[in-house]
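*Asks:* So that we are looking at the same thing, I have put the structure below in structure tokens.
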Amino acid sequence: MSTVNTPPGAASYPLRIDGELDPNTSRALWLVKWLLAIPHYVVLAFLGIAFSFLTFLAFFAILFTGRYPRVIFDFNVGVLRWGWRVTFYAYGVLGTDRYPPFSLHDVPDYPAHLDVDYPERLSRGLVLVKWWLLAIPHFLVLSAVLGGATLAVGDDMGASSWSPGLLPVLVLVAAICLLFTKRYPPRLFDLVVGLERWSTRVTAYVTLMTDRYPPFALDQGGRDPGTPGTPGTPGTQPPAAGATAPGAPVTGTATPETPGQETAAQETRAAWSPPPASPGPSASTPPPAPELAAVPAPAPAQGPAPTPAPGSAAKTGWSAGRVVTMTIGATLVAVSLWFLAAATVVGVVDVGAKDRDGYFMSDAEQLSTQTSAIISRSVDLHEGWSGDDLPDLLTGDVRVTAEPGSGTELFLGLARTRDVEAYLAGVDHVVLTDLDDDGRPEYRTRTGSGTGVTPPGDQDFWTVQDSGTGKLSVDWRPTEGEWTYVVMNADGSPDVRSDVAVGAELPIIGSLAAVLAVTGLVLLLIGLVLVVIALRSASKHRRKMASATPPSGGA
């Protein structure tokens with residue numbers, strides 16, 4: 001009798017994956033399966049969010065109690081099962097053309113199956129390291145097997161190349177074989193499923209579903225070595241010679257017997273066999289025994305209600321409504337975390353980037369000109385800008401600072417553009433237009449009439465102004481109109497040098513942080529409520545099913 005050699009630890013591994021190759025797979029349907037599978041990819045993206053969130057909860061449950069909550073375990077196994085069916089249908093295997101069902105539960109007549117044995121106890125210490133440290137060897141191997149590995153090329157250009165990996169190449173070969181021969185090579189199918197089996201075992205391990213370390217074993221074939229009934233599986237014994245396997249039909253071929261020996265089966269058959277037929281009546285032939293009237297079989301008694309299948313919705317408690325509730329809740333929790341993270345970042349910026357006066361200030365830029373003044377481009381606030389509302393919300397007060405570069409007395413002021421242009425019409429001056437890529441200022445020169453200019457401090461059209469030999473500062477609340485900043489020597493002389501910085505209060509930053517935080521907290525609360533409702537409802541249903549005692553049967 002031949003024996004199937006099973007790699008150590010593989011046959012009894014808690015996760016089992018099975019897939020039956022469809023012999024009638026279409027030649028070209030795989031060309032559009034990417035399109036047909038889009039609904040599944042979308043649903044699995046959201047289920048993946050719920051899977052990750054529940055694994056996070058399971059981490060702490062295992063850490064403190066040593067148990068993986070059963071209702072969470074059932075949901076996560078269902079997500080893996082759903083993903084495996086889509087993988088088997090689409091570009092992970094291309095093993096069938098039958099469209100995958102939208103269900104977390106096992107579908108007995110679908111050609112792809114996945115199941116994981118529930119662990120009654122899990123190591124509280126191992127949970128801290130198995131999902132990253134202990135799995136590193138598998139990650140290294142599977143990164144090459146599954147594809148997407150990037151290999152650096154040591155040249156001066158710093159280029160890199162992409163390796164598709166073994167598994168995608170094998171599936172591509174299978175697709176080409178289907179296209180031209182309408183046949184999926186069985187050995188290739190066995191290898192592809194074996195690689196997927198290895199990958200999914202590692203997934204189950206790093207998502208805390210088992211403490212059993214995944215074997216480095218390429219268990220090829222559609223039938224998992226750990227599936228009951230697979231040759232080599234512990235507890236599965238081949239039938240003895242001449243015996244009939246349980247459930248197999250009884251044939252008319254008898255087991256050869258040793259001459260001179262008569263078994264109990266022979267004696268029984270002899271006792272119940274009818275006498276041989278006679279061509280006619282004979283005195284030595286006893287009369288035939290009277291035929292017994294056929295007795296109808298008794299009607300089957302009313303037995304207990306059938307037990308739900310292990311992976312069914314009735315058994316796990318995860319009905320479609322609960323799955324949707326859980327998925328929405330987990331997605332809201334995930335979105336809320338993004339809002340809260342953004343609120344934290346914005347809040348840190350709002351507190352840490354302001355100066356002691358509450359302004360966000362730029363770095364000082366050194367400005368200089370041989371002319372009599374440096375002015376800004378016109379700041380044009382059109383009609384419709386509400387000076388009491390929008391600037392207050394967006395910018396708050398605007399501050400400009402200037403520090404003399406040569407120790408001379410400096411003037412800094414803000415006025416309406418028409419007044420500034422009229423004042424400087426008699427002298428040469430420059431307009432600061434921009435900063436180049438290196439941060440150096442760019443100017444546009446305006447030539448004056450040569451009539452000269454009076455000291456700026458003597459003018460009465462300035463909205464805000466400051467002068468002196470120290471650091472100057474002017475604060476302004478934006479209002480409607482066209483406005484221009486001016487930096488010049490206090491006596492109006494040429495050769496102006498100054499270090500200038502610009503800033504604003506930007507109250508919108510703090511308001512944005514508050515809005516993000518409140519929105520995140522509200523979404524988090526709603527999401528957690530939905531998650532708790534789904535978990536409690538599924539858990540209550542499961543306990544009800546587990547505690548239900550079937551009624552005693554009667555005639």
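Going through the structure tokens in order, the chains are called A, B, and so on, while each chain numbers its residues from 1 and the ligands are numbered from 1 in the order shown.
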Near Phe139 in chain A, counting only C-alpha atoms, which residues have an atom at most 12 Å away, once you skip same-chain residues fewer than 4 positions from it, shown as a PDB file with C-alpha atoms, in the first residue's frame?
*Replies:*
```pdb
ATOM      1  CA  TRP A 131       2.944  39.246  13.967  1.00  0.00           C
ATOM      2  CA  TRP A 132       6.184  41.013  13.027  1.00  0.00           C
ATOM      3  CA  LEU A 133       9.416  39.579  14.430  1.00  0.00           C
ATOM      4  CA  LEU A 134       8.769  35.854  14.150  1.00  0.00           C
ATOM      5  CA  ALA A 135       7.179  36.204  10.718  1.00  0.00           C
ATOM      6  CA  SER A 143       8.061  38.921  -0.940  1.00  0.00           C
ATOM      7  CA  ALA A 144       9.908  37.203  -3.776  1.00  0.00           C
ATOM      8  CA  VAL A 145       7.303  34.502  -4.346  1.00  0.00           C
ATOM      9  CA  LEU A 146       4.237  36.734  -4.449  1.00  0.00           C
ATOM     10  CA  GLY A 147       5.865  39.534  -6.443  1.00  0.00           C
ATOM     11  CA  ALA A 149      10.017  43.022  -5.014  1.00  0.00           C
ATOM     12  CA  TRP A 198       1.582  29.046   2.169  1.00  0.00           C
ATOM     13  CA  SER A 199       0.785  32.764   1.950  1.00  0.00           C
ATOM     14  CA  THR A 200      -2.603  32.385   3.655  1.00  0.00           C
ATOM     15  CA  ARG A 201      -1.124  30.327   6.491  1.00  0.00           C
ATOM     16  CA  VAL A 202       1.278  33.178   7.176  1.00  0.00           C
ATOM     17  CA  THR A 203      -1.641  35.631   7.051  1.00  0.00           C
ATOM     18  CA  TYR A 205      -0.438  33.497  11.856  1.00  0.00           C
ATOM     19  CA  VAL A 206       0.388  37.208  11.750  1.00  0.00           C
ATOM     20  CA  PRO A 214       3.549  28.199   9.586  1.00  0.00           C
ATOM     21  CA  PHE A 216       8.049  26.205   5.258  1.00  0.00           C
TER      22      PHE A 216
END
```
*Asks:* Could you pull the residues within 7 Å of range 105-118 of chain A, counting only C-alpha atoms, minus those fewer than 5 positions along the same chain, as a list in words?
*Replies:*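 That gives Pro14, Leu15, Arg16, Ile17, Asp18, Gly19, Glu20, Val77, Gly78, Arg81, Arg85, Phe88, Gly311, Ser312 and Ala313 of chain A.
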*Asks:* Kindly indicate which residue among A:His382, A:His138, A:Lys471, A:Arg446 lies nearest to Val500 in chain A, using only C-alpha atoms for the distances.
*Replies:* A:Lys471
*Asks:* Need to verify the contact set: Gly450 in chain A, 8 Å, only C-alpha atoms, exclusion of same-chain residues closer than 3 positions in sequence. Can you return it as JSON, numbers by chain?
*Replies:* {"A": [426, 427, 428]}
*Asks:* Can you list, as a PDB file with C-alpha atoms, in the first residue's frame, every protein, DNA or RNA residue that comes within 7 Å of range 49-60 of chain A when you count only C-alpha atoms, leaving out same-chain residues fewer than 5 positions away?
*Replies:*
```
ATOM      1  CA  TYR A  68      -9.391  35.321  20.789  1.00  0.00           C
ATOM      2  CA  PRO A  69     -13.036  36.494  21.069  1.00  0.00           C
ATOM      3  CA  ILE A  72     -14.401  38.377  16.144  1.00  0.00           C
ATOM      4  CA  ASN A  76     -12.141  37.494  10.412  1.00  0.00           C
ATOM      5  CA  VAL A 127       1.107  37.908  20.605  1.00  0.00           C
ATOM      6  CA  THR A 207      -3.274  38.141  12.298  1.00  0.00           C
ATOM      7  CA  MET A 326     -19.718  46.100  11.499  1.00  0.00           C
ATOM      8  CA  THR A 327     -18.131  47.233   8.245  1.00  0.00           C
ATOM      9  CA  ALA A 330     -15.118  49.983  11.499  1.00  0.00           C
ATOM     10  CA  THR A 331     -14.842  52.283   8.488  1.00  0.00           C
TER      11      THR A 331
END
```
*Asks:* Could you tell me how far CA of Val453 in chain A lies from CA of Gly492 in chain A, in Å and to one decimal?
*Replies:*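 Between CA of Val453 in chain A and CA of Gly492 in chain A the gap works out to 6.3 Å.
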*Asks:* From the list A:Ser26, A:Ser498, A:Thr401, A:Thr395, which residue is nearest Tyr89 in chain A when using only C-alpha atoms?
*Replies:*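 Closest residue, counting only C-alpha atoms: A:Ser26.
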*Asks:* For Val86 in chain A, which residue among A:Val323, A:Val496, A:Ala37, A:Leu104 is the nearest when counting only C-alpha atoms?
*Replies:*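 Of A:Val323, A:Val496, A:Ala37, A:Leu104, the one nearest Val86 in chain A is A:Ala37, counting only C-alpha atoms.
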*Asks:* From the set A:Gly317, A:Asp350, A:Pro404, A:Tyr485, which residue has the shortest atom-to-atom contact distance to His541 in chain A, counting only C-alpha atoms?
*Replies:*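 Ranked by minimum distance to His541 in chain A, first place goes to A:Gly317.
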*Asks:* Could you check the closest approach to Arg377 in chain A for each of A:Thr454, A:Ser493, A:Ser449, A:Thr484 and tell me which residue wins, using only C-alpha atoms?
*Replies:*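 Distance minimum relative to Arg377 in chain A lands on A:Thr484.
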*Asks:* Neighbours of Asp397 in chain A within 8 Å (only C-alpha atoms; same-chain residues fewer than 5 positions away dropped), as a VMD selection string?
*Replies:* chain A and resid 392 475 to 478 504 to 506
*Asks:* Please produce an output containing N, CA and C atoms for each residue in the selection, written as an mmCIF file, in the first residue's frame.
*Replies:*
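Written out: part13.cif:
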```cif
data_model
loop_
_atom_site.group_PDB
_atom_site.id
_atom_site.type_symbol
_atom_site.label_atom_id
_atom_site.label_comp_id
_atom_site.auth_asym_id
_atom_site.auth_seq_id
_atom_site.Cartn_x
_atom_site.Cartn_y
_atom_site.Cartn_z
ATOM 1 N N ASP A 392 -10.939 88.176 9.156
ATOM 2 C CA ASP A 392 -10.829 87.768 10.554
ATOM 3 C C ASP A 392 -10.732 86.257 10.667
ATOM 4 N N ASP A 475 1.103 96.252 12.534
ATOM 5 C CA ASP A 475 -0.004 95.295 12.496
ATOM 6 C C ASP A 475 -1.184 95.939 11.798
ATOM 7 N N TRP A 476 -1.882 95.110 10.982
ATOM 8 C CA TRP A 476 -2.981 95.674 10.167
ATOM 9 C C TRP A 476 -4.084 94.653 10.026
ATOM 10 N N ARG A 477 -5.325 95.103 10.183
ATOM 11 C CA ARG A 477 -6.495 94.276 9.964
ATOM 12 C C ARG A 477 -6.941 94.486 8.517
ATOM 13 N N PRO A 478 -6.851 93.484 7.636
ATOM 14 C CA PRO A 478 -7.177 93.668 6.213
ATOM 15 C C PRO A 478 -8.577 94.242 6.021
ATOM 16 N N ALA A 504 1.007 86.397 10.028
ATOM 17 C CA ALA A 504 -0.414 86.636 10.303
ATOM 18 C C ALA A 504 -0.839 85.761 11.477
ATOM 19 N N GLU A 505 -1.957 86.128 12.064
ATOM 20 C CA GLU A 505 -2.471 85.342 13.196
ATOM 21 C C GLU A 505 -3.062 84.009 12.738
ATOM 22 N N LEU A 506 -3.687 83.998 11.564
ATOM 23 C CA LEU A 506 -4.307 82.792 10.994
ATOM 24 C C LEU A 506 -5.170 82.045 12.007
#
```
*Asks:* Could you pull out the strand (DSSP E or B) residues of range 312-477 of chain A from DSSP and send them as a count of residues only?
*Replies:* 50
*Asks:* Tell me which of A:Val43, A:Ile533, A:Ala517, A:Ala28 sits closest to Leu337 in chain A, counting only C-alpha atoms.
*Replies:*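 Smallest distance to Leu337 in chain A is found for A:Ala517.
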*Asks:* I'd like the neighbourhood of range 172-182 of chain A as a VMD selection string, where a residue qualifies if any of its atoms comes within 12 Å (using only C-alpha atoms), though same-chain residues fewer than 6 positions away should be ignored.
*Replies:* chain A and resid 22 to 33 90 to 97 164 to 166 188 to 192
*Asks:* Can you work out the spacing between CA of Leu435 in chain A and CA of Leu393 in chain A in Å, to one decimal?
*Replies:* 27.3 Å
*Asks:* Please report, as a ChimeraX atom specification, each residue of range 55-94 of chain A to which DSSP assigns helix (DSSP H, G or I) when run on this structure's backbone.
*Replies:* /A:55-65,70-89
*Asks:* Taking 5 positions as the minimum chain separation for residues in the same chain, which residues sit within 12 Å of Pro441 in chain A when counting only C-alpha atoms? Answer as number ranges by chain.
*Replies:* A: 364-369, 374, 376, 430-436, 499-500
